[in-house]
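Asks: Pasting entry.csv below, which is CSV, C-alpha atoms.
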```
chain,number,residue,atom,x,y,z
A,6,MET,CA,0.0,0.0,0.0
A,7,THR,CA,1.3,3.5,-0.9
A,8,GLU,CA,1.2,6.1,1.8
A,9,PHE,CA,0.0,9.6,0.9
A,10,VAL,CA,2.2,12.3,2.5
A,11,PRO,CA,0.5,15.8,2.6
A,12,GLY,CA,2.2,18.2,0.3
A,13,SER,CA,3.6,15.5,-2.0
A,14,PRO,CA,2.2,14.8,-5.4
A,15,ALA,CA,-0.4,12.0,-5.3
A,16,LYS,CA,0.8,10.7,-8.7
A,17,ASP,CA,4.0,10.9,-10.7
A,18,ALA,CA,3.9,14.1,-12.8
A,19,ALA,CA,4.5,12.0,-16.0
A,20,ASP,CA,1.2,10.3,-15.4
A,21,ARG,CA,-0.8,13.6,-15.4
A,22,GLY,CA,-1.5,14.1,-19.0
A,23,ARG,CA,-0.5,13.0,-22.5
A,24,THR,CA,2.2,14.2,-24.8
A,25,SER,CA,1.9,13.9,-28.5
A,26,ILE,CA,4.6,14.6,-31.0
A,27,ALA,CA,3.8,15.7,-34.5
A,28,ASP,CA,5.3,14.0,-37.5
A,29,GLY,CA,6.9,17.3,-38.5
A,30,VAL,CA,8.8,17.6,-35.2
A,31,VAL,CA,10.4,14.1,-35.7
A,32,GLU,CA,11.1,14.9,-39.3
A,33,LYS,CA,13.0,18.1,-38.4
A,34,ILE,CA,15.0,16.4,-35.7
A,35,ALA,CA,15.9,13.6,-38.1
A,36,GLY,CA,16.7,15.9,-41.0
A,37,LEU,CA,19.1,18.0,-38.8
A,38,ALA,CA,20.8,14.9,-37.4
A,39,ALA,CA,21.3,13.5,-40.9
A,40,ARG,CA,22.8,16.7,-42.2
A,41,GLU,CA,25.4,16.6,-39.4
A,42,VAL,CA,27.0,13.4,-40.9
A,43,VAL,CA,30.1,13.9,-43.0
A,44,GLY,CA,29.5,12.8,-46.5
A,45,VAL,CA,25.8,14.0,-46.7
A,46,HIS,CA,25.7,16.8,-49.2
A,47,ALA,CA,21.9,17.4,-49.1
A,48,MET,CA,18.6,16.0,-48.2
A,49,GLY,CA,15.9,15.3,-50.7
A,50,SER,CA,15.4,13.5,-54.0
A,51,GLY,CA,16.6,13.7,-57.5
A,52,SER,CA,18.9,16.0,-59.4
A,53,GLY,CA,20.3,19.4,-58.5
A,54,LEU,CA,17.4,20.8,-60.6
A,55,SER,CA,14.7,19.3,-58.4
A,56,ARG,CA,16.6,20.4,-55.2
A,57,THR,CA,16.6,23.9,-56.8
A,58,PHE,CA,12.9,23.9,-57.3
A,59,GLY,CA,12.4,22.6,-53.8
A,60,ALA,CA,14.5,25.5,-52.4
A,61,VAL,CA,12.4,28.0,-54.4
A,62,ARG,CA,9.2,26.4,-53.1
A,63,GLU,CA,10.4,26.8,-49.5
A,64,ARG,CA,10.8,30.5,-50.0
A,65,VAL,CA,7.1,30.9,-51.0
A,66,PRO,CA,4.9,31.1,-47.9
A,67,GLY,CA,3.0,27.7,-47.6
A,68,GLY,CA,5.0,26.4,-50.5
A,69,ALA,CA,6.7,23.3,-49.0
A,70,LYS,CA,8.3,21.7,-46.0
A,71,SER,CA,11.0,23.6,-44.2
A,72,SER,CA,14.5,22.8,-45.3
A,73,ALA,CA,15.2,21.1,-42.0
A,74,SER,CA,12.7,18.3,-42.8
A,75,ARG,CA,13.2,18.1,-46.6
A,76,GLY,CA,13.9,14.5,-47.6
A,77,VAL,CA,12.4,13.1,-44.4
A,78,LYS,CA,9.1,11.3,-43.9
A,79,ALA,CA,8.2,10.2,-40.4
A,80,GLU,CA,5.4,7.9,-39.2
A,81,VAL,CA,4.8,8.6,-35.5
A,82,GLY,CA,2.8,6.5,-33.1
A,83,GLU,CA,2.4,6.8,-29.4
A,84,LEU,CA,5.6,5.0,-28.5
A,85,GLN,CA,7.4,4.4,-31.7
A,86,THR,CA,8.4,6.0,-35.0
A,87,ALA,CA,9.7,4.9,-38.4
A,88,LEU,CA,11.6,7.1,-40.7
A,89,ASP,CA,12.3,7.3,-44.5
A,90,LEU,CA,15.2,9.6,-45.6
A,91,GLU,CA,16.4,10.6,-49.0
A,92,ILE,CA,20.0,11.8,-49.1
A,93,VAL,CA,22.5,13.1,-51.6
A,94,VAL,CA,26.0,12.0,-50.8
A,95,GLU,CA,29.4,13.5,-51.7
A,96,TYR,CA,31.3,11.7,-54.5
A,97,GLY,CA,34.0,9.5,-53.1
A,98,VAL,CA,32.5,8.6,-49.7
A,99,SER,CA,31.5,5.1,-48.7
A,100,ILE,CA,27.8,5.1,-49.1
A,101,ARG,CA,27.5,2.2,-46.8
A,102,GLU,CA,29.4,4.0,-44.0
A,103,VAL,CA,27.5,7.3,-44.6
A,104,ALA,CA,24.2,5.4,-44.3
A,105,ARG,CA,25.3,3.7,-41.1
A,106,ALA,CA,26.4,7.0,-39.6
A,107,VAL,CA,23.2,8.7,-40.6
A,108,ARG,CA,21.2,5.9,-39.0
A,109,GLU,CA,23.1,6.0,-35.8
A,110,ASN,CA,22.9,9.8,-35.5
A,111,VAL,CA,19.2,10.0,-36.4
A,112,ILE,CA,18.2,7.2,-34.0
A,113,SER,CA,20.3,8.8,-31.2
A,114,ALA,CA,18.8,12.3,-31.7
A,115,VAL,CA,15.2,11.2,-32.2
A,116,GLU,CA,15.2,8.8,-29.2
A,117,ARG,CA,17.0,11.3,-26.9
A,118,MET,CA,14.8,14.3,-27.8
A,119,THR,CA,11.4,12.6,-28.1
A,120,GLY,CA,11.6,9.4,-26.0
A,121,LEU,CA,10.1,7.5,-29.0
A,122,GLU,CA,11.6,4.2,-30.0
A,123,VAL,CA,12.9,4.4,-33.5
A,124,VAL,CA,12.0,1.0,-35.1
A,125,GLU,CA,13.5,1.6,-38.5
A,126,VAL,CA,15.4,4.2,-40.6
A,127,ASN,CA,15.2,3.5,-44.3
A,128,ILE,CA,17.7,5.5,-46.4
A,129,ALA,CA,17.4,6.1,-50.1
A,130,VAL,CA,20.5,7.6,-51.8
A,131,THR,CA,19.0,9.6,-54.6
A,132,ASP,CA,22.1,11.4,-56.1
A,133,VAL,CA,25.8,11.9,-55.8
A,134,LYS,CA,27.3,15.4,-55.7
A,135,LEU,CA,30.2,15.4,-58.1
A,136,PRO,CA,33.2,17.7,-57.3
A,137,ASP,CA,32.8,19.8,-60.4
A,138,GLU,CA,29.0,20.3,-59.9
A,139,GLU,CA,28.1,23.7,-58.6
A,140,ASP,CA,25.4,24.0,-55.9
A,141,GLU,CA,22.3,25.1,-57.7
A,142,GLU,CA,20.9,27.2,-54.8
A,143,PRO,CA,19.0,30.0,-56.4
A,144,GLU,CA,19.5,33.5,-55.3
A,145,SER,CA,16.5,34.8,-53.4
A,146,ARG,CA,14.4,37.5,-55.1
A,147,LEU,CA,13.2,38.7,-51.7
A,148,GLN,CA,15.1,41.3,-49.7
```
Any chance you could put this one into structure tokens?
Replies:
Amino acid sequence: MTEFVPGSPAKDAADRGRTSIADGVVEKIAGLAAREVVGVHAMGSGSGLSRTFGAVRERVPGGAKSSASRGVKAEVGELQTALDLEIVVEYGVSIREVARAVRENVISAVERMTGLEVVEVNIAVTDVKLPDEEDEEPESRLQ
């Protein structure tokens, strides 16, 4: 039997409500963690041209996901989450090693910050950034 002591909480504070975490929150955490890995050039799919259009859409209000969550899709439950990432790697890196490092960093960051168990991190390498390719980041027309 648990004894109630006046002035002490009757229940653990963690049991006094519910916390829900939006998919977008997990996507941002995962996207930022993936970008920290050496060898990841960018997040998102396809060629430099599609990344360029994505960057333009981000600058339009309501146009697209924030750049932090670009290339990340999260499915979030009450206790677990699963993630799909699309990355562009630098030419010359070991894709296997970059993918392993991305998984480790993403799992660590998401589990530490959200308390959710990451059950899987699927990684699709959609492009390779060649040394002689220029970044096709468009200049902003906004001042």
Asks: Rank A:Val115, A:Val107, A:Val93, A:Val31 by their smallest atom-to-atom distance to Val133 in chain A, using all atoms listed in the file, and report the top residue only.
Replies: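 Closest residue, counting all atoms listed in the file: A:Val93.
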Asks: Figure out the distance between CA of Glu41 in chain A and CA of Thr24 in chain A, please, to one decimal in Å.
Replies: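 A separation of 27.5 Å between them.
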Asks: How many Å separate CA of Val111 in chain A from CA of Ala35 in chain A?
Replies: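 These two atoms are separated by 5.2 Å.
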Asks: Interatomic distance between CA of Ala79 in chain A and CA of Glu32 in chain A?
Replies: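 Separation between CA of Ala79 in chain A and CA of Glu32 in chain A: 5.6 Å.
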Asks: For Glu80 in chain A, find every residue with an atom within 10 Å (counting only C-alpha atoms), except residues of its own chain fewer than 4 positions away, and show them as a ChimeraX atom specification.
Replies: /A:27-29,31-32,85-89
Asks: Would you kindly return, as a list in words, each protein, DNA or RNA residue with an atom no farther than 8 Å from any atom of Ala129 in chain A, considering only C-alpha atoms and excluding same-chain residues fewer than 3 positions away?
Replies: Asp89, Leu90, Glu91 and Ile92 of chain A
Asks: For Val45 in chain A, which residue among A:Ala73, A:Met118, A:Ala104, A:Val81 is the nearest when counting only C-alpha atoms?
Replies: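 Checking each candidate against Val45 in chain A, we get A:Ala104 as the closest.
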Asks: When you count all atoms listed in the file, which of these residues is closest to Ile100 in chain A: A:Val77, A:Ile112, A:Val123, A:Val42?
Replies: A:Val42
Asks: For Leu37 in chain A, which residue out of A:Val94, A:Ser72, A:Arg21, A:Gly49 is the nearest one, using all atoms listed in the file?
Replies: A:Ser72
Asks: Write out as a ChimeraX atom specification each polymer residue whose atoms come within 8 Å of Asn110 in chain A, counting only C-alpha atoms; drop sequence neighbours fewer than 3 positions from it.
Replies: /A:38-39,42,106-107,113-114
Asks: Please identify all polymer residues within 8 Å of Gly44 in chain A, counting all atoms listed in the file, omitting same-chain residues fewer than 4 positions from it, and present them as a JSON list (two decimals) with C-alpha atoms, in the frame of the given file.
Replies:
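The result, stored in around-v2.json:
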```
[["chain", "number", "residue", "atom", "x", "y", "z"],
["A", 94, "VAL", "CA", 26.00, 12.00, -50.80],
["A", 95, "GLU", "CA", 29.40, 13.50, -51.70],
["A", 98, "VAL", "CA", 32.50, 8.60, -49.70],
["A", 103, "VAL", "CA", 27.50, 7.30, -44.60]]
```
